[in-house]
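Participant: Got a structure for you, run-v1.txt, holding compact mmCIF, C-alpha atoms and all ligand atoms.
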# COMPACT_ATOMS: atom_id res chain seq x y z
CA MET A 1 8.05 152.29 -7.05
CA THR A 2 7.40 154.08 -10.29
CA ASN A 3 9.82 155.63 -12.66
CA GLY A 4 7.36 157.96 -14.38
CA LEU A 5 5.24 156.77 -17.27
CA THR A 6 5.78 153.30 -18.66
CA ILE A 7 5.63 154.20 -22.33
CA GLY A 8 7.04 153.07 -25.65
CA CYS A 9 6.11 152.22 -29.20
CA HIS A 10 5.97 149.34 -31.60
CA LEU A 11 9.49 148.17 -32.63
CA SER A 12 10.84 145.87 -35.31
CA THR A 13 12.16 142.48 -34.18
CA SER A 14 14.52 142.25 -37.18
CA LYS A 15 17.72 142.74 -35.11
CA GLY A 16 16.60 140.69 -32.11
CA TYR A 17 15.47 141.32 -28.57
CA GLU A 18 18.37 143.23 -27.03
CA ALA A 19 18.42 145.53 -30.08
CA MET A 20 14.77 146.43 -29.43
CA GLY A 21 15.63 147.25 -25.82
CA LYS A 22 18.51 149.48 -26.92
CA THR A 23 16.30 151.31 -29.42
CA ALA A 24 13.68 151.79 -26.72
CA VAL A 25 16.27 153.35 -24.39
CA GLU A 26 17.46 155.68 -27.17
CA ILE A 27 13.98 157.12 -27.66
CA GLY A 28 13.21 157.47 -23.96
CA ALA A 29 10.91 154.44 -23.77
CA THR A 30 10.46 152.12 -20.78
CA THR A 31 8.39 149.47 -22.56
CA PHE A 32 7.74 148.49 -26.16
CA ALA A 33 5.61 146.33 -28.40
CA PHE A 34 6.69 143.87 -31.08
CA PHE A 35 5.06 141.30 -33.30
CA THR A 36 5.48 137.75 -32.07
CA ARG A 37 5.91 136.75 -35.72
CA ASN A 38 5.72 138.35 -39.15
CA PRO A 39 2.40 140.26 -39.20
CA ARG A 40 1.61 138.80 -42.62
CA GLY A 41 1.81 135.30 -41.14
CA GLY A 42 4.48 132.66 -41.33
CA LYS A 43 6.67 131.17 -38.65
CA GLY A 44 8.32 133.26 -35.97
CA LYS A 45 11.85 132.14 -35.24
CA ALA A 46 12.55 130.93 -31.73
CA PRO A 47 14.42 133.61 -29.80
CA ASP A 48 18.05 133.05 -28.96
CA GLU A 49 18.38 132.51 -25.20
CA ALA A 50 21.45 134.78 -24.81
CA ASP A 51 19.60 137.58 -26.62
CA VAL A 52 16.59 137.14 -24.32
CA GLN A 53 18.83 137.29 -21.24
CA ALA A 54 20.53 140.44 -22.54
CA LEU A 55 17.13 142.11 -22.99
CA LEU A 56 16.00 141.09 -19.49
CA ARG A 57 19.19 142.63 -18.02
CA LEU A 58 18.70 145.83 -20.00
CA MET A 59 15.06 146.06 -18.92
CA GLU A 60 16.04 145.74 -15.27
CA GLU A 61 18.86 148.25 -15.56
CA HIS A 62 16.60 150.85 -17.19
CA HIS A 63 13.54 150.15 -14.98
CA PHE A 64 11.30 148.99 -17.79
CA GLY A 65 7.69 148.09 -17.15
CA LYS A 66 5.92 145.16 -18.74
CA LEU A 67 6.24 144.60 -22.49
CA VAL A 68 3.10 144.37 -24.62
CA ALA A 69 3.77 141.95 -27.48
CA HIS A 70 1.25 141.83 -30.33
CA ALA A 71 0.01 138.74 -32.13
CA PRO A 72 -0.05 139.15 -35.94
CA TYR A 73 -3.12 140.62 -37.63
CA THR A 74 -3.45 137.59 -39.89
CA MET A 75 -4.60 135.46 -37.00
CA ASN A 76 -8.34 135.11 -36.73
CA MET A 77 -9.68 133.00 -33.88
CA CYS A 78 -13.22 133.21 -35.29
CA SER A 79 -12.77 132.92 -39.05
CA ALA A 80 -15.50 131.20 -41.04
CA LYS A 81 -12.73 129.03 -42.55
CA PRO A 82 -11.82 126.08 -40.32
CA ASP A 83 -8.22 126.01 -41.63
CA VAL A 84 -7.70 129.64 -40.55
CA VAL A 85 -9.11 128.85 -37.11
CA ALA A 86 -6.82 125.82 -36.84
CA TYR A 87 -3.76 127.83 -37.98
CA THR A 88 -4.59 130.62 -35.53
CA ARG A 89 -4.93 128.27 -32.57
CA GLU A 90 -1.63 126.62 -33.40
CA ALA A 91 0.20 129.90 -34.00
CA PHE A 92 -1.21 131.49 -30.86
CA ALA A 93 -0.19 128.50 -28.74
CA SER A 94 3.37 128.76 -30.04
CA ASP A 95 3.38 132.52 -29.44
CA ILE A 96 2.38 131.94 -25.82
CA GLU A 97 5.19 129.42 -25.51
CA ARG A 98 7.65 131.92 -26.97
CA MET A 99 6.44 134.68 -24.61
CA GLU A 100 7.12 132.36 -21.67
CA GLN A 101 10.82 133.01 -22.36
CA LEU A 102 10.10 136.61 -21.27
CA PRO A 103 7.96 135.68 -18.27
CA GLY A 104 5.58 138.18 -16.74
CA ASN A 105 4.87 140.23 -19.84
CA TYR A 106 1.76 140.71 -21.95
CA LEU A 107 0.64 139.18 -25.24
CA ASN A 108 -2.07 141.28 -26.87
CA PHE A 109 -4.33 140.05 -29.69
CA HIS A 110 -7.29 141.15 -31.76
CA PRO A 111 -10.15 138.83 -30.79
CA GLY A 112 -11.01 138.34 -34.47
CA SER A 113 -13.58 139.04 -37.18
CA HIS A 114 -16.60 136.75 -37.33
CA LEU A 115 -17.07 137.26 -41.10
CA LYS A 116 -20.87 137.33 -41.02
CA GLN A 117 -21.20 134.26 -38.79
CA GLY A 118 -22.52 136.67 -36.15
CA ALA A 119 -20.94 137.90 -32.92
CA ASP A 120 -22.34 134.98 -30.91
CA GLU A 121 -20.58 132.39 -33.07
CA GLY A 122 -17.45 134.59 -33.13
CA ILE A 123 -17.36 134.75 -29.35
CA ARG A 124 -17.96 130.99 -29.11
CA LEU A 125 -14.98 130.27 -31.39
CA ILE A 126 -12.70 132.74 -29.58
CA VAL A 127 -13.58 131.19 -26.21
CA GLU A 128 -12.97 127.70 -27.60
CA GLY A 129 -9.59 128.79 -29.03
CA LEU A 130 -8.46 130.40 -25.78
CA ASN A 131 -9.57 127.39 -23.76
CA GLN A 132 -7.45 125.25 -26.04
CA ASP A 133 -4.37 127.51 -26.04
CA LEU A 134 -4.00 128.93 -22.53
CA ILE A 135 -1.68 126.89 -20.33
CA PRO A 136 -2.68 126.80 -16.66
CA GLY A 137 0.08 128.52 -14.68
CA GLN A 138 1.61 130.32 -17.69
CA LYS A 139 3.45 133.53 -16.76
CA THR A 140 2.17 135.49 -19.76
CA ILE A 141 -1.08 137.41 -19.42
CA VAL A 142 -3.06 137.42 -22.66
CA LEU A 143 -4.76 140.72 -23.47
CA LEU A 144 -7.88 141.16 -25.57
CA GLU A 145 -7.68 144.43 -27.51
CA THR A 146 -10.69 146.76 -27.63
CA MET A 147 -11.63 147.02 -31.31
CA ALA A 148 -13.06 149.84 -33.44
CA GLY A 149 -15.90 147.71 -34.79
CA LYS A 150 -14.69 147.86 -38.37
CA GLY A 151 -16.41 145.24 -40.55
CA THR A 152 -17.29 142.21 -38.43
CA GLU A 153 -14.72 142.73 -35.67
CA VAL A 154 -15.51 141.11 -32.34
CA GLY A 155 -14.59 143.19 -29.30
CA ARG A 156 -16.33 146.37 -30.48
CA SER A 157 -17.92 146.81 -27.06
CA PHE A 158 -16.87 146.14 -23.48
CA GLU A 159 -19.82 143.71 -23.31
CA GLU A 160 -18.38 141.54 -26.10
CA LEU A 161 -14.99 141.40 -24.40
CA GLU A 162 -16.64 140.49 -21.10
CA ARG A 163 -18.55 137.64 -22.76
CA ILE A 164 -15.23 136.20 -23.98
CA ILE A 165 -13.65 136.53 -20.54
CA GLU A 166 -16.66 134.90 -18.89
CA GLY A 167 -16.41 131.89 -21.20
CA VAL A 168 -12.72 131.19 -20.59
CA GLU A 169 -11.93 128.66 -17.92
CA HIS A 170 -8.56 130.14 -16.92
CA ASP A 171 -9.74 133.74 -16.96
CA GLU A 172 -7.02 134.64 -14.44
CA LEU A 173 -4.73 134.60 -17.51
CA LEU A 174 -6.75 137.27 -19.34
CA GLY A 175 -6.73 141.05 -19.34
CA VAL A 176 -7.67 143.90 -21.67
CA CYS A 177 -5.58 146.34 -23.69
CA LEU A 178 -7.57 149.51 -24.34
CA ASP A 179 -6.75 151.22 -27.64
CA THR A 180 -7.76 154.90 -27.42
CA CYS A 181 -8.31 155.23 -31.19
CA HIS A 182 -10.35 152.05 -31.31
CA VAL A 183 -12.64 152.92 -28.37
CA ASN A 184 -13.26 156.37 -29.85
CA ASP A 185 -14.13 154.82 -33.19
CA ALA A 186 -16.30 152.27 -31.36
CA GLY A 187 -18.31 155.12 -29.81
CA TYR A 188 -16.82 155.58 -26.33
CA ASP A 189 -16.13 159.29 -25.79
CA ILE A 190 -12.68 158.91 -24.26
CA ALA A 191 -11.65 162.37 -25.51
CA HIS A 192 -14.22 164.26 -23.44
CA ASP A 193 -15.22 161.80 -20.73
CA LEU A 194 -12.30 159.58 -19.74
CA ASP A 195 -13.75 158.96 -16.28
CA GLY A 196 -17.14 158.06 -17.73
CA VAL A 197 -15.51 155.52 -20.08
CA LEU A 198 -13.43 154.06 -17.24
CA ASP A 199 -16.57 153.80 -15.04
CA GLU A 200 -18.31 151.95 -17.86
CA PHE A 201 -15.30 149.64 -18.29
CA ASP A 202 -15.36 148.99 -14.55
CA ARG A 203 -19.08 148.26 -14.53
CA VAL A 204 -18.95 145.84 -17.49
CA ILE A 205 -15.52 144.20 -17.26
CA GLY A 206 -13.87 145.41 -14.05
CA LEU A 207 -10.90 147.76 -13.96
CA ASP A 208 -8.71 145.02 -12.49
CA ARG A 209 -8.67 143.60 -16.05
CA LEU A 210 -7.31 146.82 -17.58
CA CYS A 211 -3.63 145.98 -18.09
CA ALA A 212 -2.31 148.18 -20.91
CA LEU A 213 -3.16 151.02 -23.28
CA HIS A 214 -2.53 151.62 -26.95
CA VAL A 215 -2.25 155.42 -27.08
CA ASN A 216 -3.25 156.62 -30.53
CA ASP A 217 -5.08 159.65 -31.78
CA SER A 218 -7.79 158.94 -34.38
CA LYS A 219 -8.39 160.27 -37.89
CA ASN A 220 -12.12 159.70 -37.44
CA PRO A 221 -14.98 161.01 -35.29
CA LEU A 222 -16.60 159.27 -32.34
CA GLY A 223 -18.41 156.09 -33.39
CA ALA A 224 -17.02 156.02 -36.96
CA HIS A 225 -16.11 152.30 -36.72
CA LYS A 226 -13.08 153.03 -38.92
CA ASP A 227 -9.72 152.38 -37.13
CA ARG A 228 -7.29 154.91 -38.67
CA HIS A 229 -4.61 155.98 -36.19
CA GLU A 230 -3.31 159.55 -36.09
CA LYS A 231 -0.29 161.18 -34.46
CA ILE A 232 -0.79 162.34 -30.87
CA GLY A 233 -2.54 165.73 -30.83
CA GLN A 234 -3.29 165.78 -34.57
CA GLY A 235 -6.52 163.80 -34.58
CA THR A 236 -10.06 163.97 -33.27
CA LEU A 237 -8.99 163.07 -29.70
CA GLY A 238 -6.53 165.95 -29.32
CA LEU A 239 -3.65 166.47 -26.92
CA ALA A 240 -5.85 167.30 -23.90
CA ALA A 241 -7.34 163.79 -24.07
CA PHE A 242 -3.85 162.33 -23.65
CA GLN A 243 -3.05 164.77 -20.85
CA ALA A 244 -6.06 163.30 -19.02
CA ILE A 245 -4.87 159.73 -19.67
CA VAL A 246 -1.30 160.28 -18.44
CA THR A 247 -2.50 162.02 -15.25
CA ASN A 248 -5.61 159.97 -14.35
CA PRO A 249 -4.84 157.73 -11.34
CA ARG A 250 -6.67 154.85 -13.05
CA THR A 251 -4.57 154.93 -16.23
CA LYS A 252 -1.26 156.73 -15.58
CA ASP A 253 0.62 153.68 -14.32
CA LEU A 254 -0.39 151.29 -17.11
CA PRO A 255 2.07 150.39 -19.88
CA MET A 256 1.29 152.67 -22.84
CA ILE A 257 2.18 151.74 -26.41
CA LEU A 258 2.17 154.27 -29.24
CA GLU A 259 0.95 152.93 -32.60
CA THR A 260 0.84 156.29 -34.31
CA PRO A 261 1.99 156.87 -37.92
CA ASN A 262 5.58 157.80 -37.03
CA GLU A 263 9.22 156.84 -37.44
CA LEU A 264 11.49 156.66 -34.38
CA PRO A 265 12.12 160.45 -34.09
CA GLY A 266 8.36 161.05 -34.06
CA TYR A 267 7.87 158.43 -31.36
CA SER A 268 10.67 159.97 -29.34
CA ARG A 269 8.90 163.36 -29.46
CA GLU A 270 5.56 161.83 -28.48
CA ILE A 271 7.16 160.03 -25.55
CA ALA A 272 8.82 163.27 -24.37
CA ALA A 273 5.57 165.23 -24.71
CA LEU A 274 3.48 162.67 -22.83
CA ARG A 275 6.11 162.42 -20.09
CA ALA A 276 6.06 166.22 -19.77
CA LEU A 277 2.26 166.21 -19.42
CA SER A 278 2.43 163.44 -16.83
CA GLU A 279 4.80 165.63 -14.81
CA GLY A 280 2.29 168.48 -14.80
CA ARG A 281 3.71 170.58 -17.61
CA SER A 282 1.32 172.54 -19.81
CA LEU A 283 -0.29 171.64 -23.12
CA ALA A 284 1.69 174.45 -24.74
CA GLU A 285 4.98 172.97 -23.51
CA ALA A 286 3.95 169.53 -24.74
CA GLU A 287 2.96 170.96 -28.12
CA GLU A 288 6.42 172.43 -28.42
CA LEU A 289 7.98 169.05 -27.70
CA LEU A 290 5.81 167.50 -30.42
CA GLU A 291 6.86 169.98 -33.07
CA GLU A 292 8.54 168.36 -36.03
CA PRO A 293 11.86 169.98 -36.90
CA GLU A 294 11.85 171.76 -40.23
CA GLU A 295 13.21 169.52 -42.92
CA PRO A 296 16.87 170.32 -43.61
CA GLU A 297 17.11 171.68 -47.12
CA PRO A 298 18.67 169.29 -49.59
CA ALA A 299 22.24 170.43 -50.38
CA GLU A 300 21.47 171.22 -54.02
CA GLN A 301 18.54 173.48 -53.26
CA LYS A 302 20.51 175.20 -50.54
CA LYS A 303 23.29 176.05 -52.97
CA ALA A 304 20.78 177.44 -55.45
CA ALA A 305 19.14 179.53 -52.73
CA GLU A 306 22.49 180.91 -51.62
CA SER A 307 23.54 181.87 -55.15
CA LYS A 308 20.32 183.85 -55.53
CA GLU A 309 21.07 186.02 -52.51
FE FE A 401 -3.77 145.96 -32.28
FE FE A 402 -3.98 148.92 -31.08
ZN ZN A 403 -5.93 150.08 -34.86
The structure given in the file should be rewritten as structure tokens.
Facilitator:
Amino acid sequence: MTNGLTIGCHLSTSKGYEAMGKTAVEIGATTFAFFTRNPRGGKGKAPDEADVQALLRLMEEHHFGKLVAHAPYTMNMCSAKPDVVAYTREAFASDIERMEQLPGNYLNFHPGSHLKQGADEGIRLIVEGLNQDLIPGQKTIVLLETMAGKGTEVGRSFEELERIIEGVEHDELLGVCLDTCHVNDAGYDIAHDLDGVLDEFDRVIGLDRLCALHVNDSKNPLGAHKDRHEKIGQGTLGLAAFQAIVTNPRTKDLPMILETPNELPGYSREIAALRALSEGRSLAEAEELLEEPEEPEPAEQKKAAESKE
């Protein structure tokens, strides 16, 4: 049974798990993303069991879909520095362990940057890291994120992701999170040919691996290899591209995470607009829902304006 789109945004863990769930409900979300630890590295604190239970109850009550946690950007499974590789493997293993407290959800990560060692060596290191970290029978599915191909990023093509999956022994624990900004920047024309991109994904990886979406517009043109996210409808993808995504039978039921440059009110508007499109409402209606309210005039200026009248 579905409850409309499963959609949300990235939330701060600073007030704990239940607090994230409450924020999600307030903005109309039915999933969310969070960093498993400080994105700039360091140790994540072990979640408090009562807080975890409170979140699980809230998620059930509000018919949430699967959560899509994000490993920190500082991890690099295929760094040229052995100490970074060792840190990443250790941190990722403990993140998997932590996610097992919220069983059945997703843990997404950037495969890594090979730093001029070449994609082959990068892929070899990523495979070795995953083979070391994945625990047979774990309840968390690990997602490889499609990357924009900035610098030496691995995962810039569906082929590279497939080569990682093929190398991993427990590949039943792996899936893919497709980032719409990243695939556009990588050269897949998701804005004009969603079905063509999904066919290609199916041919190379298999659509059964497609588990979640990062829904972001892009500041850059197709194939720019840049990775700069834009608000929904304000970038090179455009609102119609997202209308296609939220109505296509192959994508509409996947958990969707917004990583657009917004604060909570902006996310709330994007969620409302994408829900409206998924229910068959027009682009014009969705555009209206996306409209930012005019900034309330600061009290001082208002007084000055009034006195002039
Ligand atoms: Fe990401
Ligand atoms: Fe992303
Ligand atoms: Zn990105």
Participant: With only C-alpha atoms and all ligand atoms counted, collect every polymer residue having an atom within 9 Å of ligand ZN 403 (chain A); state the result as a PyMOL selection string.
Facilitator: chain A and resi 147-148+179+181-182+214+216+226-229+259
Participant: Please return as a PyMOL selection string the residues found within 12 Å of ligand FE 401 (chain A), counting only C-alpha atoms and all ligand atoms.
Facilitator: chain A and resi 10+33-35+39+68-75+107-112+143-148+153+155+176-183+212-216+227-229+257-260
Participant: Pick out the residues sitting within 12 Å of Arg281 in chain A, and hand them over as JSON, numbers by chain; count all atoms listed in the file, and ignore anything fewer than 4 positions along from it in its own chain.
Facilitator: {"A": [240, 243, 246, 247, 272, 273, 274, 275, 276, 277, 285, 286, 287, 288, 289]}
Participant: Anything within 12 Å of (18.8, 140.5, -21.3): list those residues as a compact mmCIF listing (two decimals) with C-alpha atoms, keeping the file's coordinate frame, counting all atoms listed in the file and sticking to the file's coordinates.
Facilitator:
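This went into selection.txt:
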# COMPACT_ATOMS: atom_id res chain seq x y z
CA GLY A 16 16.60 140.69 -32.11
CA TYR A 17 15.47 141.32 -28.57
CA GLU A 18 18.37 143.23 -27.03
CA ALA A 19 18.42 145.53 -30.08
CA MET A 20 14.77 146.43 -29.43
CA GLY A 21 15.63 147.25 -25.82
CA LYS A 22 18.51 149.48 -26.92
CA PRO A 47 14.42 133.61 -29.80
CA ASP A 48 18.05 133.05 -28.96
CA GLU A 49 18.38 132.51 -25.20
CA ALA A 50 21.45 134.78 -24.81
CA ASP A 51 19.60 137.58 -26.62
CA VAL A 52 16.59 137.14 -24.32
CA GLN A 53 18.83 137.29 -21.24
CA ALA A 54 20.53 140.44 -22.54
CA LEU A 55 17.13 142.11 -22.99
CA LEU A 56 16.00 141.09 -19.49
CA ARG A 57 19.19 142.63 -18.02
CA LEU A 58 18.70 145.83 -20.00
CA MET A 59 15.06 146.06 -18.92
CA GLU A 60 16.04 145.74 -15.27
CA GLU A 61 18.86 148.25 -15.56
CA HIS A 62 16.60 150.85 -17.19
CA PHE A 64 11.30 148.99 -17.79
CA GLN A 101 10.82 133.01 -22.36
CA LEU A 102 10.10 136.61 -21.27
Participant: If we count all atoms listed in the file and set the cut-off at 7 Å, which residues sit around Gly104 in chain A, ignoring sequence neighbours fewer than 2 positions away in its own chain? Please answer as a PyMOL selection string.
Facilitator: chain A and resi 102+106+139-140
Participant: To one decimal in Å, tell me the separation between CA of Gln234 in chain A and CA of Asn184 in chain A.
Facilitator: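 Distance between the two atoms: 14.5 Å.
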Participant: At what distance in Å, to one decimal, does CA of Asn76 in chain A lie from CA of Glu159 in chain A?
Facilitator: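 Spanning CA of Glu159 in chain A to CA of Asn76 in chain A is a straight-line distance of 19.6 Å.
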Participant: What does the structure give for the distance between CA of Leu264 in chain A and CA of Thr236 in chain A, in Å to one decimal?
Facilitator: 22.8 Å
Participant: Would you list the contacts of Ser79 in chain A as a PyMOL selection string, taking every protein, DNA or RNA residue within 8 Å and counting all atoms listed in the file, but skipping same-chain residues closer than 3 positions in sequence?
Facilitator: chain A and resi 76+82+84-85+112-115+122
Participant: Hey, which of A:Glu100, A:Asp202, A:Asp185, A:Glu121 ends up closest to ligand FE 402 (chain A)? Count only C-alpha atoms and all ligand atoms.
Facilitator: A:Asp185
Participant: When distances are computed from all atoms listed in the file, which of A:Val204, A:Cys9, A:Asp83, A:Ile123 shows the smallest separation from ligand FE 402 (chain A)?
Facilitator: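 Checking each candidate against ligand FE 402 (chain A), we get A:Cys9 as the closest.
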Participant: Tell me which of A:Asp217, A:Lys252, A:Leu207, A:Glu295 sits closest to ligand FE 402 (chain A), counting all atoms listed in the file.
Facilitator: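 Of A:Asp217, A:Lys252, A:Leu207, A:Glu295, the one nearest ligand FE 402 (chain A) is A:Asp217, counting all atoms listed in the file.
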Participant: Pick the closest to Leu222 in chain A from A:Gly149, A:Gly167, A:Pro249, A:Pro261: which is it, counting all atoms listed in the file?
Facilitator: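 Closest to Leu222 in chain A of all the choices is A:Gly149.
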